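Let me begin by presenting the structure, written as structure tokens, before commenting on it.
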Amino acid sequence: MNLHNILHTTLVGLLLAINAASVSAEDNNNDDGAAATDDNTTSYYQQQDDDDKADAYSGGDDFIKYWTEYAVLPKKCINLGGKDVIVFSMYEKYYNHCADKAIGTYSLDVPTFMTAYAKQLELNADDMTYGDDYTVPDSTYVTCYPYEINGVVFYVQMGCTDGTSQSLSVNVYKDNTCTEHDRNADGIDDTTIDVSDLQAPFGQCTSCVHFVDKNEDDVDDGYFEGKTKNAPLCEATWEYKESCGRKCRKMGNVKTSSEWNSSDKLLLFVLGSFSTIMMAVITKKRGKMSRKDALLEEAALGSVGIQQSHVVGIFALTFFFIFCCGLAGWKGLTWTLLLSVSLVLFGYLMKLTIDAGMNVPLGPDGEPLDNDSSDDEDDDEEEDGYKAPATVNSPTEKQAEKEAELPSFS
């Protein structure tokens with residue numbers, strides 16, 4: 001082998017060795033990058049799981065992770081135990097406009113509620129839910145704030161408006177913690193500070209999550225999931241809620257599902273009136289029943305161990321029980337019993353009507369005969385002076401009459 005071939009072989013071997021080393025290094029780098037990516041992904045999801053577990057631990061058994069289907073309905077602002085609170089209900093189906101049964105009714109102090117509501121408005125503004133020109137209202141007076149007038153420092157904070165439960169105003173307080181109201185001689189503590197642009201949405205079904213159209217290229221993968229989990233208003237009201245007891249409900253005039261609304265009362269009145277009318281008609285028709293039908297009905301009742309005198313008492317007790325169920329708010333049982341009684345009365349009334357029609361005698365022309373009207377017509381003819389024809393006398397009677405007519409010579 002000459003020198004040229006030796007150099008060529010050596011150079012080719014060196015190049016192959018360098019290439020192999022380069023490929024090996026690249027593979028190692030790729031493996032390290034993939035491992036790092038896997039570690040980051042695992043770390044991300046682990047962090048999400050840890051956050052969810054921490055939230056669930058802090059929220060207790062009633063922890064809500066996703067707020068997409070929930071809504072809150074502020075009802076009234078009342079002063080409960082010297083503290084202004086907002087009475088609200090939470091719903092699971094926001095798309096029903098808070099018409100379904102609420103999860104529950106609660107109360108929350110005005111500062112906490114309005115702080116959460118202000119954060120919700122700010123979040124909506126960032127997402128341009130209300131448009132580009134929307135400005136978040138000033139929330140300065142949501143919490144206790146020193147306010148100076150003519151050199152005198154007062155403490156003010158948002159609370160219930162005097163004279164109405166559907167509005168909020170800035171109230172005056174005596175202390176720097178805003179716990180003791182400073183009322184004038186008329187019992188008024190409202191100031192003239194304008195907070196009309198920041199009011200609780202009383203009577204409005206407010207969805208916990210507000211979605212806006214977003215270009216998927218402008219947001220990351222976690223944007224939409226983050227929206228469903230970030231609901232400042234509902235999160236705060238749910239976490240810091242307080243139970244609304246009997247006094248709270250009475251002051252807030254909050255109706256429960258067991259209370260009767262106007263439509264329920266109207267339908268109860270209609271069904272009750274209908275049943276009463278049917279009872280009166282049944283009583284009248286029973287008075288005209290034939291002796292035979294009455295005996296057959298008594299025999300049918302006796303076969304099941306019920307006497308005729310027991311029927312009235314049974315219906316009276318049934319109506320009394322229905323009335324008690326209505327007062328107790330047992331809607332389902334009340335409607336079931338009332339409808340059942342109405343159907344029974346209607347069916348019995350139809351039976352009496354059909355039986356009465358079958359017992360009317362028919363004339364030769366197929367028309368029902370009215371015996372009472374025939375008797376009346378006979379009486380009318382006698383009163384008009386009509387007399388029956390005289391009977392024909394026998395010959396002996398005629399001879400006696402002639403002899404009676406002859407003059408007497410004695």
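Lettering and numbering for the structure tokens are positional, with chains as A, B, ... in the shown order, residues counted from 1 in each chain, and ligands counted from 1 in the shown order.
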Every residue of region 124-361 of chain A that DSSP places in strand (DSSP E or B), as a PyMOL selection string: chain A and resi 145-149+152-160+168-173+181+190+206-207+242-243
DSSP helix (DSSP H, G or I) residues within region 108-287 of chain A, as a VMD selection string: chain A and resid 110 to 126 140 to 142 223 to 229 232 to 239 246 to 252 262 to 287
For Leu352 (chain A), the nearest of the candidates A:Gly245, A:Gly252, A:Gly82, A:Gly287, counting only C-alpha atoms: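 Checking each of A:Gly245, A:Gly252, A:Gly82, A:Gly287 against Leu352 (chain A), counting only C-alpha atoms, the winner is A:Gly287.
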Nearest candidate to Ser273 (chain A) (options A:Ser342, A:Val110, A:Ile354, A:Glu239; using only C-alpha atoms):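 Among the listed residues, A:Ser342 lies closest to Ser273 (chain A).
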All residues 7 Å or closer to Val87 (chain A), only C-alpha atoms, same chain fewer than 2 positions away omitted, as an MDAnalysis selection string: chainID A and resid 74:77 85 106:108 252
Dump of N, CA and C atoms for the selected residues, as a tab-separated table (two decimals), in the first residue's frame:
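File out02.tsv, as written:
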chain	number	residue	atom	x	y	z
A	74	PRO	N	-78.67	38.87	43.91
A	74	PRO	CA	-78.83	39.74	45.09
A	74	PRO	C	-80.30	40.17	45.22
A	75	LYS	N	-80.84	40.04	46.41
A	75	LYS	CA	-82.25	40.33	46.62
A	75	LYS	C	-82.47	41.69	47.30
A	76	LYS	N	-81.93	41.86	48.50
A	76	LYS	CA	-82.17	43.10	49.24
A	76	LYS	C	-80.97	43.43	50.12
A	77	CYS	N	-80.93	44.69	50.52
A	77	CYS	CA	-79.93	45.15	51.49
A	77	CYS	C	-80.69	45.49	52.77
A	85	VAL	N	-76.15	44.18	55.49
A	85	VAL	CA	-75.82	42.98	54.74
A	85	VAL	C	-76.68	42.91	53.49
A	106	TYR	N	-78.52	33.29	51.44
A	106	TYR	CA	-77.51	33.65	52.42
A	106	TYR	C	-77.44	35.16	52.57
A	107	SER	N	-76.57	35.59	53.48
A	107	SER	CA	-76.31	37.02	53.66
A	107	SER	C	-74.81	37.25	53.70
A	108	LEU	N	-74.41	38.46	53.33
A	108	LEU	CA	-73.00	38.83	53.31
A	108	LEU	C	-72.91	40.33	53.54
A	252	GLY	N	-85.70	40.38	54.95
A	252	GLY	CA	-85.44	40.44	53.52
A	252	GLY	C	-86.63	40.06	52.68
Residue contacts of Asn79 (chain A) (9 Å, only C-alpha atoms) excluding same-chain residues fewer than 6 positions away, as a count of residues only: 5
Å distance separating CA of Tyr70 (chain A) from CA of Lys229 (chain A), one decimal place: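 Rounded to one decimal, the two atoms are 11.3 Å apart.
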Pick from A:Tyr155, A:Trp238, A:Tyr173, A:Trp260, whichever lies nearest to Ala71 (chain A) using only C-alpha atoms: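 Result for the nearest residue to Ala71 (chain A): A:Trp238.
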For Gly187 (chain A): contacts at 12 Å, only C-alpha atoms, fewer than 2 positions along chain excluded, given as a count of residues only: 12
Between CA of Glu225 (chain A) and CA of Lys65 (chain A) - distance in Å to one decimal: 10.5 Å
Just the residues within 12 Å of Lys119 (chain A), please, counting only C-alpha atoms, with nothing from its chain fewer than 3 positions along; format it as a PDB file with C-alpha atoms, in the first residue's frame.
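Okay, this is what ended up in selection_19.pdb:
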ATOM      1  CA  THR A 112     -67.202  42.099  51.261  1.00  0.00           C
ATOM      2  CA  PHE A 113     -69.921  41.747  48.649  1.00  0.00           C
ATOM      3  CA  MET A 114     -69.145  45.027  46.896  1.00  0.00           C
ATOM      4  CA  THR A 115     -65.380  44.443  46.979  1.00  0.00           C
ATOM      5  CA  ALA A 116     -65.912  41.158  45.158  1.00  0.00           C
ATOM      6  CA  GLU A 122     -62.609  45.000  36.682  1.00  0.00           C
ATOM      7  CA  LEU A 123     -62.124  41.488  35.309  1.00  0.00           C
ATOM      8  CA  ASN A 124     -64.957  41.996  32.847  1.00  0.00           C
ATOM      9  CA  ALA A 125     -63.444  45.277  31.740  1.00  0.00           C
ATOM     10  CA  ASP A 126     -60.071  43.608  31.112  1.00  0.00           C
ATOM     11  CA  VAL A 136     -64.542  50.567  36.054  1.00  0.00           C
ATOM     12  CA  PRO A 137     -66.499  52.494  38.730  1.00  0.00           C
ATOM     13  CA  ASP A 138     -64.650  54.081  41.634  1.00  0.00           C
ATOM     14  CA  SER A 139     -64.600  51.712  44.597  1.00  0.00           C
ATOM     15  CA  VAL A 142     -66.566  50.300  49.427  1.00  0.00           C
ATOM     16  CA  LEU A 198     -71.397  51.214  41.572  1.00  0.00           C
ATOM     17  CA  ASN A 230     -61.916  32.676  38.144  1.00  0.00           C
ATOM     18  CA  ALA A 231     -65.192  34.228  39.321  1.00  0.00           C
ATOM     19  CA  PRO A 232     -64.436  36.930  41.922  1.00  0.00           C
ATOM     20  CA  LEU A 233     -68.051  37.717  42.825  1.00  0.00           C
ATOM     21  CA  CYS A 234     -69.298  34.165  43.205  1.00  0.00           C
ATOM     22  CA  GLU A 235     -66.106  32.898  44.812  1.00  0.00           C
ATOM     23  CA  ALA A 236     -66.219  35.542  47.545  1.00  0.00           C
TER      24      ALA A 236
END
Among the residues A:Lys331, A:Arg286, A:Lys250, A:Lys227, the one that comes closest to Asp127 (chain A) [using only C-alpha atoms]: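 Distance minimum relative to Asp127 (chain A) lands on A:Lys227.
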Near-Tyr348 (chain A) list (12 Å; only C-alpha atoms; drop same-chain fewer than 2 positions) as a PyMOL selection string: chain A and resi 275+278-279+281-283+285-286+297+341-346+350-355
Mind dumping the selected residues with C-alpha atoms as a PDB file, in the first residue's frame?
ATOM      1  CA  SER A 275    -115.218  21.935  44.369  1.00  0.00           C
ATOM      2  CA  MET A 278    -119.926  20.819  42.709  1.00  0.00           C
ATOM      3  CA  MET A 279    -120.752  19.930  46.315  1.00  0.00           C
ATOM      4  CA  VAL A 281    -125.027  20.749  42.905  1.00  0.00           C
ATOM      5  CA  ILE A 282    -124.502  17.191  44.184  1.00  0.00           C
ATOM      6  CA  THR A 283    -126.514  17.947  47.328  1.00  0.00           C
ATOM      7  CA  LYS A 285    -129.370  16.328  42.845  1.00  0.00           C
ATOM      8  CA  ARG A 286    -129.283  13.841  45.698  1.00  0.00           C
ATOM      9  CA  GLU A 297    -126.258   3.602  46.727  1.00  0.00           C
ATOM     10  CA  VAL A 341    -111.037  15.465  45.467  1.00  0.00           C
ATOM     11  CA  SER A 342    -112.084  17.653  42.529  1.00  0.00           C
ATOM     12  CA  LEU A 343    -111.935  14.678  40.148  1.00  0.00           C
ATOM     13  CA  VAL A 344    -113.942  12.471  42.534  1.00  0.00           C
ATOM     14  CA  LEU A 345    -116.638  15.121  42.948  1.00  0.00           C
ATOM     15  CA  PHE A 346    -116.787  15.725  39.207  1.00  0.00           C
ATOM     16  CA  MET A 350    -121.595  13.107  36.179  1.00  0.00           C
ATOM     17  CA  LYS A 351    -122.974   9.817  37.530  1.00  0.00           C
ATOM     18  CA  LEU A 352    -125.924  11.552  39.190  1.00  0.00           C
ATOM     19  CA  THR A 353    -126.615  13.517  36.028  1.00  0.00           C
ATOM     20  CA  ILE A 354    -126.608  10.402  33.833  1.00  0.00           C
ATOM     21  CA  ASP A 355    -128.758   8.415  36.282  1.00  0.00           C
TER      22      ASP A 355
END
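Checking A:Gly151, A:Pro111, A:Gly326, A:Pro201 one by one against Phe88 (chain A), counting only C-alpha atoms, you find the shortest gap at A:Pro201.
The spacing separating CA of Cys144 (chain A) from CA of Asn253 (chain A) amounts to 28.1 Å.
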